[in-house]
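Participant: Handing you a structure now.
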Amino acid sequence: MNLMQRTVMKKVFFKTFGCRTNIYDTQVMMANLKDFEVTENEAEADIVVVNSCTVTNGADTGVRSYINHATKQGAKVIVAGCGAMSKGADLFAKQKVFGVMGHSEKEHINALLLQPTPFFEMGDLTSLDETIVHEYTGKTKAFIKIQEGCNFRCSYCIIPYVRGNARSQDETKIIEQVEKLALNGYGEFVLTGTNIGSYGKDKGSSLGKLVQRLGAIRGVRRIRLGSIEPVQIDESFREILDEPWLERHLHIALQHTSETMLEIMRRRNNVKRDLELFHELSAKGFALGTDFITGHPGESEAIWEEAYRTLELFPLTHLHAFTYSKRDGTPSATMKPEVKGDIAKERLKSIETLVETKNRLFRERNQTQPLQVLVEEYKDNHFIGYDQFFNKVIIESERDLLKEWVTLPHYTVLKENNHARF
């Protein structure tokens with residue numbers, strides 16, 4: 001390609017919403033662009049690819065708002081991701097976007113963007129990515145998608161309908177990707193997918209066995225796992241709990257702590273077993289996060305009070321919680337009685353406050369432990385990173401610590417984070 005050809009290449013900006021899986025999917029799309037230049041400057045983009053999320057109504061609203069913004073800036077807008085599956089047809093019919101592409105079309109992005117006419121290509125919900133990602137633009141850690149889809153059918157969740165059933169990536173391909181990224185200097189790997197705890201069920205393997213093999217790769221310093229289900233922690237997973245490369249934080253999705261609500265939500269976990277599991281892991285020193293939904297239909301005041309009292313018993317340190325959001329096409333969408341929004345928000349705030357308190361107590365109890373921090377960002381004259389317990393650490397230093405691993409034997413525990421000088 002000569003200089004003149006290079007200067008006329010159109011520039012593409014990627015806007016990623018939602019989960020870590022979308023971060024990986026964006027990188028797959030970037031890796032498959034051959035006739036375009038990727039830019040991190042939205043203002044100079046000719047084309048904007050919106051990798052969308054549809055997990056809640058709020059997510060849909062955020063995506064639509066951004067699409068309107070990008071269109072007003074004069075860019076040609078393409079929507080991908082889960083929102084393409086749920087809202088793409090409507091956006092395309094109303095000419096809000098130039099193109100719509102489903103999950104299986106990520107690796108065809110170059111050909112799609114070369115098309116002079118609007119396109120609507122949804123593909124299928126059975127494929128897996130073939131692309132090996134070698135680097136992550138603007139990231140200090142690497143995201144590895146180990147599987148796609150989910151076989152669970154929780155009553156409130158739309159994701160299985162937009163991601164398909166669970167299917168595992170080939171283990172040799174995952175290992176190859178981690179090996180190449182480790183050679184390129186990445187030390188922290190975040191395993192992601194729609195439901196990573198289901199990995200290997202279709203291949204005679206398991207998440208625990210896979211992670212054990214990844215931990216043995218030269219250059220791997222820390223492996224962080226995405227959300228897993230309580231029922232997915234089997235013996236092969238327990239075998240890796242003492243490994244030094246496993247992050248000392250696990251995110252285990254409860255969604256609720258009322259047995260009645262778990263049945264209504266069509267969940268597979270059980271409150272009594274969940275509590276036993278969390279205390280088992282806490283005794284091993286793990287920080288523990290969870291998901292929780294407040295205000296789902298059927299969550300009466302009596303059920304809520306019981307659930308809150310039970311949640312107090314869990315040794316939690318992190319929380320990803322939100323109020324129930326009706327998703328058309330899911331069983332929960334027609335359930336009664338509904339819970340008023342202001343009540344759901346009050347309940348949400350109460351559990352956020354509870355877990356914030358638990359998090360600070362955890363950090364104070366563990367203050368004798370040195371923190372192992374990967375520095376990810378420099379902002380407002382200080383460095384920011386996350387330790388082995390997935391707690392934010394603010395670092396003051398005269399040295400350039402960006403993308404470095406640092407050990408902090410001494411630090412101060414503040415309300416929302418830890419603070420140190422290095």
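By convention in this document, the chains of the structure tokens carry letters A, B, ... by their order, each chain's residues are numbered from 1, and ligands are numbered from 1 in the order they are shown.
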List as a PyMOL selection string the protein and nucleic acid residues near Ser350 in chain A, meaning an atom at most 12 Å away when only C-alpha atoms are counted, but skip any in the same chain fewer than 6 places from it.

Facilitator: chain A and resi 292+294+304-305+307-309+311-312+319+321-323+343-344+356-357

Participant: Taking only residues of range 71-173 of chain A that have an atom at most 9 Å from an atom of range 249-272 of chain A, what is each one's shortest atom pair and its distance in Å to one decimal, using only C-alpha atoms, in chain and number order, as a Markdown table?

Facilitator:
| residue | atom | partner | partner_atom | distance |
| --- | --- | --- | --- | --- |
| A:Phe152 | CA | A:Arg267 | CA | 8.1 |
| A:Arg153 | CA | A:Arg266 | CA | 7.1 |
| A:Cys154 | CA | A:Arg266 | CA | 4.9 |
| A:Ser155 | CA | A:Met265 | CA | 5.0 |
| A:Tyr156 | CA | A:Met265 | CA | 6.6 |

Participant: Can you work out which one of A:His382, A:Tyr66, A:His419, A:Val211 has the shortest atom-to-atom distance to Asp400 in chain A, counting only C-alpha atoms?

Facilitator: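 Smallest separation from Asp400 in chain A among the options: A:His382.
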
Participant: Choose the residue, out of A:Gln367, A:Gln232, A:Thr310, A:Thr131, that has the smallest atom-to-atom separation from Ile174 in chain A; count only C-alpha atoms.

Facilitator: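 Nearest to Ile174 in chain A: A:Thr131.
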
Participant: With only C-alpha atoms as the atoms that count, which of A:His103, A:Asp46, A:Ser325, A:His320 lies nearest to Gly58 in chain A?

Facilitator: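 Closest to Gly58 in chain A, using only C-alpha atoms: A:Ser325.
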
Participant: Between A:Ser52, A:Asn381, A:Asn41, A:Asn110, which residue has the minimum interatomic distance to Met85 in chain A, considering only C-alpha atoms?

Facilitator: A:Ser52

Participant: Give me the residues within 12 Å of Lys392 in chain A as an MDAnalysis selection string, counting only C-alpha atoms and dropping any in the same chain fewer than 4 places off.

Facilitator: chainID A and resid 318 359:360 363 371:377 383:388 413:420

Participant: Once you have the residues from the selection above, write them out as a compact mmCIF listing (two decimals), in the first residue's frame, restricted to N, CA and C atoms.

Facilitator:
# COMPACT_ATOMS: atom_id res chain seq x y z
N HIS A 318 -17.90 -7.03 47.17
CA HIS A 318 -18.20 -6.29 45.95
C HIS A 318 -19.63 -6.59 45.51
N ASN A 359 -17.01 -4.15 52.45
CA ASN A 359 -15.77 -4.03 51.69
C ASN A 359 -14.69 -3.34 52.50
N ARG A 360 -15.05 -2.23 53.16
CA ARG A 360 -14.05 -1.51 53.96
C ARG A 360 -13.56 -2.36 55.13
N ARG A 363 -11.01 -4.78 53.81
CA ARG A 363 -9.72 -4.15 53.54
C ARG A 363 -8.96 -3.85 54.84
N LEU A 371 -0.15 -5.46 48.90
CA LEU A 371 -1.02 -5.44 47.73
C LEU A 371 -0.19 -5.59 46.46
N GLN A 372 -0.66 -6.45 45.58
CA GLN A 372 -0.03 -6.63 44.26
C GLN A 372 -0.92 -5.90 43.25
N VAL A 373 -0.38 -4.81 42.70
CA VAL A 373 -1.22 -3.92 41.89
C VAL A 373 -0.69 -3.81 40.46
N LEU A 374 -1.59 -3.96 39.50
CA LEU A 374 -1.28 -3.64 38.11
C LEU A 374 -1.80 -2.23 37.86
N VAL A 375 -0.88 -1.31 37.56
CA VAL A 375 -1.25 0.10 37.36
C VAL A 375 -1.83 0.27 35.96
N GLU A 376 -3.07 0.76 35.91
CA GLU A 376 -3.80 0.81 34.64
C GLU A 376 -3.99 2.21 34.08
N GLU A 377 -3.86 3.24 34.93
CA GLU A 377 -4.26 4.57 34.48
C GLU A 377 -3.51 5.65 35.24
N PHE A 383 -1.65 7.65 40.02
CA PHE A 383 -1.83 6.41 39.29
C PHE A 383 -2.97 5.60 39.91
N ILE A 384 -3.65 4.84 39.08
CA ILE A 384 -4.78 4.03 39.53
C ILE A 384 -4.60 2.60 39.06
N GLY A 385 -4.83 1.67 39.97
CA GLY A 385 -4.75 0.26 39.61
C GLY A 385 -5.66 -0.55 40.50
N TYR A 386 -5.62 -1.87 40.29
CA TYR A 386 -6.44 -2.78 41.10
C TYR A 386 -5.55 -3.86 41.69
N ASP A 387 -5.83 -4.19 42.95
CA ASP A 387 -5.00 -5.18 43.64
C ASP A 387 -5.55 -6.59 43.43
N GLN A 388 -4.95 -7.55 44.12
CA GLN A 388 -5.35 -8.95 43.94
C GLN A 388 -6.75 -9.24 44.45
N VAL A 413 -6.16 2.63 54.23
CA VAL A 413 -7.51 2.22 53.84
C VAL A 413 -8.45 3.42 53.95
N LEU A 414 -8.98 3.86 52.82
CA LEU A 414 -9.95 4.94 52.79
C LEU A 414 -11.34 4.38 52.54
N LYS A 415 -12.33 5.24 52.54
CA LYS A 415 -13.70 4.77 52.42
C LYS A 415 -13.95 3.99 51.14
N GLU A 416 -13.49 4.53 50.00
CA GLU A 416 -13.82 3.91 48.71
C GLU A 416 -12.66 3.18 48.06
N ASN A 417 -11.44 3.38 48.56
CA ASN A 417 -10.29 2.74 47.96
C ASN A 417 -9.11 2.71 48.92
N ASN A 418 -8.03 2.14 48.49
CA ASN A 418 -6.78 2.18 49.26
C ASN A 418 -5.87 3.23 48.64
N HIS A 419 -5.00 3.80 49.48
CA HIS A 419 -4.10 4.87 49.02
C HIS A 419 -2.69 4.57 49.45
N ALA A 420 -1.72 4.79 48.53
CA ALA A 420 -0.33 4.50 48.86
C ALA A 420 0.61 5.46 48.17

Participant: Tell me, which residues of range 29-203 of chain A carry DSSP helix (DSSP H, G or I), written as a PyMOL selection string?

Facilitator: chain A and resi 29-31+42-44+57-72+82-93+103-114+159-163+171-183+196-198

Participant: Show me, as an MDAnalysis selection string, the residues that have an atom within 7 Å of Ser236 in chain A when counting only C-alpha atoms, minus same-chain residues fewer than 3 positions from it.

Facilitator: chainID A and resid 208:209 239

Participant: At a cut-off of 7 Å, using only C-alpha atoms, what residues contact Cys53 in chain A? Leave out same-chain residues fewer than 3 positions from it and give the result as a list of chain:residue names.

Facilitator: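 With the cut-off at 7 Å, the set is A:Phe17, A:Gly18, A:Ala59, A:Asp60, A:Gly81, A:Cys82, A:Gly83.
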
Participant: Which residues come within 7 Å of range 159-165 of chain A, counting only C-alpha atoms, excluding same-chain residues fewer than 5 positions away, as a PyMOL selection string?

Facilitator: chain A and resi 55+82+85-86+125-126+148-151

Participant: Work out how far apart CA of Gly289 in chain A and CA of Arg273 in chain A are and give it in Å to one decimal.

Facilitator: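 Spanning CA of Gly289 in chain A to CA of Arg273 in chain A is a straight-line distance of 16.3 Å.
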